[in-house]
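Source file: query.csv (CSV, C-alpha atoms)
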chain,number,residue,atom,x,y,z
A,1,MET,CA,4.6,38.7,38.1
A,2,THR,CA,1.5,37.6,36.3
A,3,GLU,CA,2.1,37.1,32.7
A,4,ARG,CA,-0.5,36.3,30.1
A,5,ARG,CA,-0.4,32.9,28.7
A,6,PRO,CA,0.7,32.6,25.0
A,7,ARG,CA,-2.4,32.4,22.8
A,8,ILE,CA,-2.6,29.7,20.2
A,9,GLY,CA,-5.3,30.0,17.6
A,10,ILE,CA,-7.1,26.8,16.6
A,11,VAL,CA,-8.8,27.2,13.2
A,12,VAL,CA,-12.2,25.4,13.2
A,13,PHE,CA,-13.4,24.3,9.8
A,14,PRO,CA,-16.7,22.6,9.2
A,15,GLY,CA,-15.8,19.0,9.8
A,16,SER,CA,-12.8,19.6,12.1
A,17,ASN,CA,-13.2,17.1,14.9
A,18,ASP,CA,-10.0,17.2,17.0
A,19,VAL,CA,-10.6,20.8,18.2
A,20,ALA,CA,-11.5,19.8,21.8
A,21,ASP,CA,-8.4,17.6,22.3
A,22,ALA,CA,-6.1,20.2,20.8
A,23,ALA,CA,-7.6,22.9,23.0
A,24,TRP,CA,-7.4,20.8,26.1
A,25,ALA,CA,-3.8,19.7,25.5
A,26,LEU,CA,-2.6,23.2,24.7
A,27,GLY,CA,-4.4,24.6,27.8
A,28,ALA,CA,-2.9,21.8,30.0
A,29,LEU,CA,0.6,22.7,28.6
A,30,GLY,CA,0.3,26.4,29.5
A,31,ALA,CA,-1.2,28.1,26.5
A,32,GLU,CA,-4.5,29.8,26.1
A,33,PRO,CA,-6.3,28.1,23.1
A,34,VAL,CA,-8.4,30.5,21.0
A,35,LEU,CA,-10.9,28.9,18.7
A,36,THR,CA,-11.3,30.8,15.5
A,37,TRP,CA,-13.9,30.1,12.8
A,38,HIS,CA,-12.6,29.4,9.3
A,39,ALA,CA,-14.8,32.0,7.7
A,40,ASP,CA,-13.3,34.8,9.7
A,41,PRO,CA,-10.9,36.7,7.5
A,42,GLU,CA,-8.9,37.8,10.5
A,43,LEU,CA,-7.4,35.8,13.3
A,44,PRO,CA,-7.3,37.2,16.9
A,45,ALA,CA,-3.9,38.2,18.1
A,46,VAL,CA,-2.1,34.8,18.6
A,47,GLU,CA,1.5,33.7,19.0
A,48,GLY,CA,0.9,30.3,17.3
A,49,VAL,CA,-1.7,28.6,15.1
A,50,VAL,CA,-2.9,25.0,15.0
A,51,LEU,CA,-4.9,23.6,12.1
A,52,PRO,CA,-6.6,20.6,13.8
A,53,GLY,CA,-7.5,17.2,12.5
A,54,GLY,CA,-10.8,16.2,11.1
A,55,PHE,CA,-12.5,16.0,7.7
A,56,SER,CA,-13.0,19.6,6.6
A,57,TYR,CA,-15.7,19.9,4.0
A,58,GLY,CA,-16.1,16.1,4.1
A,59,ASP,CA,-12.8,15.7,2.3
A,60,TYR,CA,-14.6,16.5,-0.9
A,61,LEU,CA,-12.5,16.8,-4.0
A,62,ARG,CA,-9.3,16.1,-2.2
A,63,SER,CA,-8.7,16.4,1.5
A,64,GLY,CA,-7.8,20.0,2.4
A,65,ALA,CA,-8.5,21.3,-1.2
A,66,ILE,CA,-11.6,23.2,-0.2
A,67,ALA,CA,-10.5,24.3,3.3
A,68,ARG,CA,-7.3,25.9,2.0
A,69,LEU,CA,-9.6,28.5,0.3
A,70,ALA,CA,-11.2,29.5,3.6
A,71,PRO,CA,-10.7,33.2,4.5
A,72,ALA,CA,-8.9,32.2,7.7
A,73,MET,CA,-6.2,30.5,5.6
A,74,LEU,CA,-5.2,33.9,4.1
A,75,ALA,CA,-4.6,35.1,7.6
A,76,VAL,CA,-2.7,31.9,8.5
A,77,THR,CA,-0.6,32.4,5.4
A,78,GLU,CA,0.3,35.9,6.4
A,79,LEU,CA,1.1,34.8,10.0
A,80,ALA,CA,3.3,32.0,8.7
A,81,ALA,CA,5.2,34.6,6.5
A,82,GLU,CA,5.8,36.6,9.7
A,83,GLY,CA,7.4,33.7,11.4
A,84,VAL,CA,4.5,32.7,13.6
A,85,PRO,CA,4.6,28.9,14.3
A,86,VAL,CA,1.9,27.0,12.4
A,87,LEU,CA,1.2,23.4,13.2
A,88,GLY,CA,-1.0,21.3,11.0
A,89,ILE,CA,-2.2,18.0,12.4
A,90,CYS,CA,-3.5,15.3,10.0
A,91,ASN,CA,-6.2,17.2,8.1
A,92,GLY,CA,-4.3,20.4,9.0
A,93,PHE,CA,-1.3,18.9,7.3
A,94,GLN,CA,-3.4,18.1,4.2
A,95,ILE,CA,-4.7,21.7,4.2
A,96,LEU,CA,-1.1,23.2,4.5
A,97,CYS,CA,0.0,21.1,1.6
A,98,GLU,CA,-2.9,22.1,-0.6
A,99,ALA,CA,-2.3,25.7,0.4
A,100,GLY,CA,1.3,25.4,-0.8
A,101,LEU,CA,2.7,26.3,2.7
A,102,LEU,CA,4.2,22.8,2.8
A,103,PRO,CA,5.7,20.7,0.1
A,104,GLY,CA,4.1,17.6,-1.3
A,105,ALA,CA,0.6,16.1,-1.3
A,106,LEU,CA,-1.2,13.6,0.9
A,107,ARG,CA,-2.8,10.7,-1.1
A,108,LEU,CA,-4.9,7.8,-0.3
A,109,ASN,CA,-3.2,5.3,1.9
A,110,ALA,CA,-1.3,2.6,-0.1
A,111,SER,CA,-3.4,0.0,1.7
A,112,LEU,CA,-6.6,1.7,0.7
A,113,GLU,CA,-7.7,1.3,4.3
A,114,PHE,CA,-8.4,3.8,7.0
A,115,VAL,CA,-5.6,3.3,9.5
A,116,CYS,CA,-6.2,3.9,13.3
A,117,ARG,CA,-3.3,2.8,15.5
A,118,ASP,CA,-0.2,3.9,17.4
A,119,VAL,CA,2.9,4.5,15.4
A,120,THR,CA,6.5,5.4,16.2
A,121,VAL,CA,8.2,8.3,14.6
A,122,GLN,CA,11.8,9.4,14.8
A,123,VAL,CA,12.7,13.0,15.3
A,124,GLU,CA,14.9,14.2,12.5
A,125,ARG,CA,14.9,17.9,13.4
A,126,THR,CA,15.1,19.4,16.8
A,127,ASP,CA,15.7,23.0,15.7
A,128,THR,CA,12.1,23.8,15.0
A,129,PRO,CA,9.4,25.4,17.2
A,130,PHE,CA,7.6,22.0,17.4
A,131,THR,CA,10.5,19.7,18.3
A,132,SER,CA,12.7,21.8,20.5
A,133,ARG,CA,11.9,19.7,23.5
A,134,CYS,CA,12.9,16.5,21.7
A,135,SER,CA,16.4,15.1,21.4
A,136,PRO,CA,17.9,14.2,18.1
A,137,GLY,CA,16.7,10.8,16.9
A,138,GLN,CA,14.2,10.5,19.7
A,139,LEU,CA,11.4,8.0,19.1
A,140,LEU,CA,7.9,9.3,19.8
A,141,THR,CA,4.7,7.1,20.0
A,142,MET,CA,1.5,8.8,18.8
A,143,PRO,CA,-1.7,7.6,17.2
A,144,VAL,CA,-2.6,8.0,13.6
A,145,LYS,CA,-6.1,7.9,12.2
A,146,HIS,CA,-6.5,8.7,8.6
A,147,GLY,CA,-7.4,7.4,5.1
A,148,GLU,CA,-5.3,9.9,3.1
A,149,GLY,CA,-1.9,10.2,4.8
A,150,CYS,CA,0.4,8.9,2.1
A,151,TRP,CA,2.8,11.9,1.7
A,152,TYR,CA,4.0,12.1,-1.8
A,153,ALA,CA,6.7,14.2,-3.6
A,154,ASP,CA,8.1,13.5,-7.1
A,155,ALA,CA,11.8,13.1,-7.5
A,156,ASP,CA,12.6,16.8,-8.0
A,157,LEU,CA,10.6,17.9,-5.1
A,158,LEU,CA,12.0,15.1,-2.9
A,159,GLN,CA,15.5,16.3,-3.8
A,160,THR,CA,14.6,19.9,-2.7
A,161,VAL,CA,13.0,18.6,0.5
A,162,THR,CA,16.1,16.6,1.2
A,163,ASP,CA,18.5,19.4,0.4
A,164,LEU,CA,16.6,21.8,2.7
A,165,ASP,CA,16.4,19.2,5.4
A,166,GLN,CA,12.6,19.6,5.6
A,167,VAL,CA,11.7,16.1,6.9
A,168,ALA,CA,11.1,16.6,10.6
A,169,LEU,CA,9.6,13.2,11.5
A,170,ARG,CA,9.9,9.8,9.9
A,171,TYR,CA,8.0,6.6,10.7
A,172,THR,CA,10.2,3.9,12.1
A,173,GLY,CA,9.1,0.2,12.1
A,174,LEU,CA,5.7,0.5,10.6
A,175,ASN,CA,4.8,3.0,7.9
A,176,PRO,CA,1.0,3.2,8.2
A,177,ASN,CA,0.3,4.8,4.8
A,178,GLY,CA,3.1,4.1,2.3
A,179,SER,CA,4.5,7.6,2.4
A,180,VAL,CA,7.6,8.4,0.4
A,181,GLN,CA,10.7,7.7,2.4
A,182,ASP,CA,8.6,7.1,5.5
A,183,VAL,CA,7.9,10.8,5.9
A,184,ALA,CA,5.5,11.5,8.8
A,185,GLY,CA,6.0,15.2,9.1
A,186,VAL,CA,7.6,18.0,7.1
A,187,VAL,CA,8.5,21.6,7.7
A,188,ASN,CA,8.7,24.6,5.4
A,189,PRO,CA,12.2,25.9,4.5
A,190,GLU,CA,12.0,28.5,7.2
A,191,GLY,CA,11.1,25.8,9.8
A,192,ASN,CA,8.1,27.6,11.3
A,193,VAL,CA,5.3,25.6,9.6
A,194,LEU,CA,5.1,21.8,10.5
A,195,GLY,CA,2.6,19.3,9.2
A,196,LEU,CA,2.3,15.8,10.5
A,197,MET,CA,-0.1,12.9,10.2
A,198,PRO,CA,0.3,11.5,13.8
A,199,HIS,CA,-1.8,13.2,16.5
A,200,PRO,CA,0.2,14.8,19.3
A,201,GLU,CA,-3.0,16.1,20.9
A,202,HIS,CA,-4.2,12.6,21.5
A,203,ALA,CA,-0.9,11.6,23.2
A,204,VAL,CA,-0.4,14.0,26.1
A,205,ASP,CA,-1.0,11.6,29.0
A,206,PRO,CA,0.6,8.2,29.5
A,207,LEU,CA,-2.8,7.1,30.9
A,208,LEU,CA,-4.1,7.2,27.3
A,209,GLY,CA,-1.2,5.2,25.9
A,210,SER,CA,1.5,7.8,25.4
A,211,GLY,CA,2.5,11.2,26.6
A,212,ASP,CA,5.0,11.8,23.8
A,213,GLY,CA,2.8,14.2,21.9
A,214,ALA,CA,3.1,16.6,24.7
A,215,LEU,CA,6.8,17.2,23.7
A,216,ILE,CA,5.6,18.5,20.3
A,217,LEU,CA,2.8,20.7,21.7
A,218,ALA,CA,4.9,21.9,24.7
A,219,SER,CA,7.7,22.9,22.2
A,220,LEU,CA,5.0,24.9,20.3
A,221,VAL,CA,3.9,26.5,23.6
A,222,ASP,CA,7.5,27.4,24.4
A,223,ALA,CA,7.9,29.1,21.0
A,224,ALA,CA,4.6,30.9,21.4
A,225,ARG,CA,5.7,32.2,24.8
A,226,GLU,CA,9.0,33.4,23.4
A,227,ARG,CA,7.1,35.4,20.7
A,228,LEU,CA,4.9,36.8,23.4
A,229,LEU,CA,7.9,38.0,25.5
A,230,VAL,CA,9.6,39.6,22.4
A,231,SER,CA,6.4,41.4,21.5
A,232,VAL,CA,5.7,42.8,25.0
B,1,MET,CA,-12.8,17.7,-17.0
B,2,LEU,CA,-11.2,14.3,-16.5
B,3,VAL,CA,-8.8,14.3,-13.5
B,4,ARG,CA,-6.7,11.2,-12.8
B,5,PRO,CA,-3.5,10.2,-11.0
B,6,LYS,CA,-0.5,11.1,-13.1
B,7,GLN,CA,1.2,8.4,-15.1
B,8,GLY,CA,3.8,6.7,-13.1
B,9,ILE,CA,2.3,7.5,-9.7
B,10,LEU,CA,1.1,4.5,-7.8
B,11,ASP,CA,-2.7,4.4,-7.9
B,12,PRO,CA,-3.8,1.9,-5.2
B,13,GLN,CA,-7.4,2.5,-6.1
B,14,GLY,CA,-6.7,1.6,-9.7
B,15,GLN,CA,-4.8,-1.5,-8.6
B,16,ALA,CA,-7.7,-2.7,-6.5
B,17,VAL,CA,-10.1,-2.2,-9.4
B,18,GLU,CA,-7.7,-4.0,-11.7
B,19,GLY,CA,-7.5,-7.0,-9.3
B,20,SER,CA,-11.2,-7.2,-9.0
B,21,LEU,CA,-11.8,-7.0,-12.8
B,22,ARG,CA,-9.3,-9.8,-13.2
B,23,GLN,CA,-11.1,-11.8,-10.6
B,24,LEU,CA,-14.2,-11.4,-12.7
B,25,GLY,CA,-12.3,-13.0,-15.6
B,26,TYR,CA,-11.4,-9.9,-17.6
B,27,ALA,CA,-7.8,-9.7,-18.9
B,28,VAL,CA,-7.2,-6.2,-17.7
B,29,ALA,CA,-3.6,-5.0,-18.0
B,30,SER,CA,-4.0,-1.9,-15.9
B,31,ALA,CA,-6.6,0.4,-14.4
B,32,ARG,CA,-6.5,3.9,-13.0
B,33,VAL,CA,-9.3,5.6,-11.2
B,34,GLY,CA,-9.9,9.3,-11.5
B,35,ARG,CA,-12.9,11.6,-11.5
B,36,VAL,CA,-15.1,13.5,-13.9
B,37,VAL,CA,-16.2,17.1,-13.3
B,38,ASP,CA,-19.0,18.2,-15.5
B,39,LEU,CA,-19.8,21.9,-15.5
B,40,GLU,CA,-21.6,24.4,-17.6
B,41,LEU,CA,-20.3,27.9,-18.1
B,42,ASP,CA,-20.9,30.9,-20.3
B,43,ALA,CA,-17.9,32.0,-22.3
B,44,GLU,CA,-17.3,34.3,-25.2
B,45,SER,CA,-15.6,31.6,-27.2
B,46,PRO,CA,-14.5,28.0,-27.0
B,47,ALA,CA,-10.9,29.2,-26.5
B,48,ALA,CA,-11.9,31.4,-23.6
B,49,ALA,CA,-13.8,28.6,-22.0
B,50,ARG,CA,-10.9,26.2,-22.4
B,51,ALA,CA,-8.5,28.8,-20.9
B,52,ALA,CA,-10.9,29.2,-17.9
B,53,LEU,CA,-11.3,25.5,-17.4
B,54,GLU,CA,-7.5,25.1,-17.5
B,55,ARG,CA,-7.1,27.7,-14.7
B,56,MET,CA,-9.8,25.9,-12.7
B,57,CYS,CA,-8.0,22.6,-13.0
B,58,GLU,CA,-4.7,24.2,-12.0
B,59,GLN,CA,-6.1,26.1,-9.1
B,60,LEU,CA,-8.6,23.6,-7.6
B,61,LEU,CA,-9.9,20.7,-9.6
B,62,ALA,CA,-6.6,18.9,-9.9
B,63,ASN,CA,-3.5,18.9,-7.8
B,64,PRO,CA,-0.8,19.3,-10.5
B,65,LEU,CA,1.8,17.5,-8.3
B,66,ILE,CA,-0.1,14.2,-8.4
B,67,GLU,CA,-2.9,14.5,-11.0
B,68,SER,CA,-3.2,15.1,-14.7
B,69,TYR,CA,-6.3,16.5,-16.3
B,70,GLU,CA,-8.0,16.5,-19.7
B,71,ILE,CA,-10.6,19.0,-20.9
B,72,GLU,CA,-13.5,18.1,-23.2
B,73,LEU,CA,-15.5,20.9,-24.5
B,74,ASP,CA,-19.1,20.7,-25.8
B,75,THR,CA,-20.5,23.9,-27.2
B,76,ALA,CA,-24.1,24.8,-27.1
B,77,THR,CA,-25.4,27.9,-28.7

Just give me the structure of the file as structure tokens.
Amino acid sequence: MTERRPRIGIVVFPGSNDVADAAWALGALGAEPVLTWHADPELPAVEGVVLPGGFSYGDYLRSGAIARLAPAMLAVTELAAEGVPVLGICNGFQILCEAGLLPGALRLNASLEFVCRDVTVQVERTDTPFTSRCSPGQLLTMPVKHGEGCWYADADLLQTVTDLDQVALRYTGLNPNGSVQDVAGVVNPEGNVLGLMPHPEHAVDPLLGSGDGALILASLVDAARERLLVSV
Amino acid sequence: MLVRPKQGILDPQGQAVEGSLRQLGYAVASARVGRVVDLELDAESPAAARAALERMCEQLLANPLIESYEIELDTAT
């Protein structure tokens, strides 16, 4: 039986710079990456979406603020509402917050410095399409590289996020950006949209320091494959 | 439009500026850093212009979760 690989769309914005690594990693993990231009109002038929890292629109105004108005983001919003898994990495996380698909905002790092290093995060949720291959409390090592990764929510929003159990990943040991409650990644209430600052696509081979990111991306590929099987 | 970090939100940029000003010998109690957006637009009335500017701030120019904004209006006829 030859079955088609699940397709995962990678939305390319002007200034996205992690597209190649994301595409390579998803391909290596069994998906068919489909690059799609931000100005296209429709996405090709995909079973999952990745908003990659980078500096869309030069981070003008606020990171993600301009990109979230791209025509492709309307399509992403519709897919997210249909339950398609949507993963935002770094700049993708910033875009999802600006678009209102995820709670909170990403601010300038508390240190004011661009931070580029490996960090360790603890998995707080394993019942999402992005963490199903992880075990509860598992520690993952992945790199971060950002200047505006300080996730912020005011007291009311934080209460909601806590009540709905939306924190999927938390930094342990070192918090690289001063985020509230060491948040490294959050999901929407439905659980099918995840944004995180660390880069799983840069950590899919122990040769490059860590293979832990593959757990996140392989979980996404699993979820995309399940959607594919249901739709056939 | 003046957009700046909301009162009560840690502003690391403002803190760095505050520290540097103190280093220069100024007795600065606090500093916050925001941005100014100047724009010209045609509107039927100052009230209509203000309403439009408020929507612009809410939708794009400020992130209401973390930033506050003020609008200053100059009318030219």

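Using only C-alpha atoms for every distance, the candidate list A:Glu113, A:Asp165, A:Asp222, A:Glu42 yields A:Glu113 as the residue closest to chain B.
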
**OP:** For segment 166-172 of chain A, list every protein, DNA or RNA residue within 6 Å, evaluated using all atoms listed in the file, and leave out those in the same chain fewer than 6 positions away; present the list as number ranges by chain.
**Re:** A: 120-125, 182-187

Subject >> Contact residues around segment 15-31 of chain A with all atoms listed in the file at 10 Å, ignoring same-chain residues under 3 positions, as a PyMOL selection string >> reply: chain A and resi 4-12+34-35+47-48+50-59+67+89-92+199-205+213-215+217-222+224-225

Using all atoms listed in the file, what table do you get, as JSON lines, when you list each residue of chain A with an atom no more than 9 Å from chain B, its nearest pair of atoms, and their distance in Å rounded to one decimal, rows by chain then rising number?
{"residue": "A:Leu61", "atom": "CA", "partner": "B:Leu61", "partner_atom": "CA", "distance": 7.3}
{"residue": "A:Arg62", "atom": "CA", "partner": "B:Asn63", "partner_atom": "CA", "distance": 8.5}
{"residue": "A:Ala65", "atom": "CA", "partner": "B:Leu60", "partner_atom": "CA", "distance": 6.8}
{"residue": "A:Ile66", "atom": "CA", "partner": "B:Leu60", "partner_atom": "CA", "distance": 8.0}
{"residue": "A:Glu98", "atom": "CA", "partner": "B:Asn63", "partner_atom": "CA", "distance": 7.9}
{"residue": "A:Gly104", "atom": "CA", "partner": "B:Leu65", "partner_atom": "CA", "distance": 7.4}
{"residue": "A:Ala105", "atom": "CA", "partner": "B:Leu65", "partner_atom": "CA", "distance": 7.2}
{"residue": "A:Arg107", "atom": "CA", "partner": "B:Ile66", "partner_atom": "CA", "distance": 8.5}
{"residue": "A:Leu108", "atom": "CA", "partner": "B:Pro12", "partner_atom": "CA", "distance": 7.7}
{"residue": "A:Asn109", "atom": "CA", "partner": "B:Pro12", "partner_atom": "CA", "distance": 7.9}
{"residue": "A:Ala110", "atom": "CA", "partner": "B:Pro12", "partner_atom": "CA", "distance": 5.7}
{"residue": "A:Ser111", "atom": "CA", "partner": "B:Pro12", "partner_atom": "CA", "distance": 7.2}
{"residue": "A:Leu112", "atom": "CA", "partner": "B:Pro12", "partner_atom": "CA", "distance": 6.5}
{"residue": "A:Tyr152", "atom": "CA", "partner": "B:Ile66", "partner_atom": "CA", "distance": 8.0}
{"residue": "A:Ala153", "atom": "CA", "partner": "B:Leu65", "partner_atom": "CA", "distance": 7.5}
{"residue": "A:Asp154", "atom": "CA", "partner": "B:Leu65", "partner_atom": "CA", "distance": 7.6}

**OP:** With a distance cut-off of 6 Å and all atoms listed in the file, select the neighbouring residues of segment 82-85 of chain A, excluding the residue or stretch itself and same-chain residues fewer than 3 positions from it, and output the selection as a list in words.
**Re:**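 The residues that qualify are Gly48, Leu79, Asn192 and Val193 of chain A.
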
Generate a file of the selected residues that holds C-alpha atoms, formatted as a compact mmCIF listing (two decimals), keeping the file's coordinate frame.
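Output file result-v6.txt follows:
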# COMPACT_ATOMS: atom_id res chain seq x y z
CA GLY A 48 0.90 30.30 17.30
CA LEU A 79 1.10 34.80 10.00
CA ASN A 192 8.10 27.60 11.30
CA VAL A 193 5.30 25.60 9.60

Subject >> Interatomic distance (Å, one decimal) between atom CA of Leu139 of chain A and atom CA of Glu190 of chain A >> reply: 23.7 Å

**OP:** Provide the atom CA of Arg32 of chain B to atom CA of Arg4 of chain B distance in Å, to one decimal place.
**Re:**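 Result for atom CA of Arg32 of chain B versus atom CA of Arg4 of chain B: 7.3 Å, one decimal.
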
Subject >> Point-to-point distance from atom CA of Leu207 of chain A to atom CA of Val119 of chain A, Å rounded to tenths >> reply: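 About the pair atom CA of Leu207 of chain A and atom CA of Val119 of chain A: they are 16.7 Å apart.
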
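Among the candidates A:Gly209, A:Pro103, A:Pro33, A:Gly178, the one nearest to Asp156 of chain A when counting only C-alpha atoms is A:Pro103.
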
Subject >> Test item: residues at most 12 Å from segment 38-42 of chain B, only C-alpha atoms, excluding those fewer than 3 positions along its chain, as a list in words >> reply: Met1, Leu2, Val3, Arg35, Ser45, Pro46, Ala47, Ala48, Ala49, Arg50, Ala52, Leu53, Met56, Leu61, Glu70, Ile71, Glu72, Leu73, Asp74, Thr75, Ala76 and Thr77 of chain B

Subject >> Long-range neighbours of His146 of chain A as a ChimeraX atom specification, 8 Å cut-off, only C-alpha atoms, 5 positions minimum in chain >> reply: /A:90,114-116,197

Original post:
Between A:Leu228, A:Ala70, A:Ile216, A:Val161, which one has atoms that come closest to Thr128 of chain A, using all atoms listed in the file?
Top reply: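 Under the stated criterion, the closest residue is A:Ile216.
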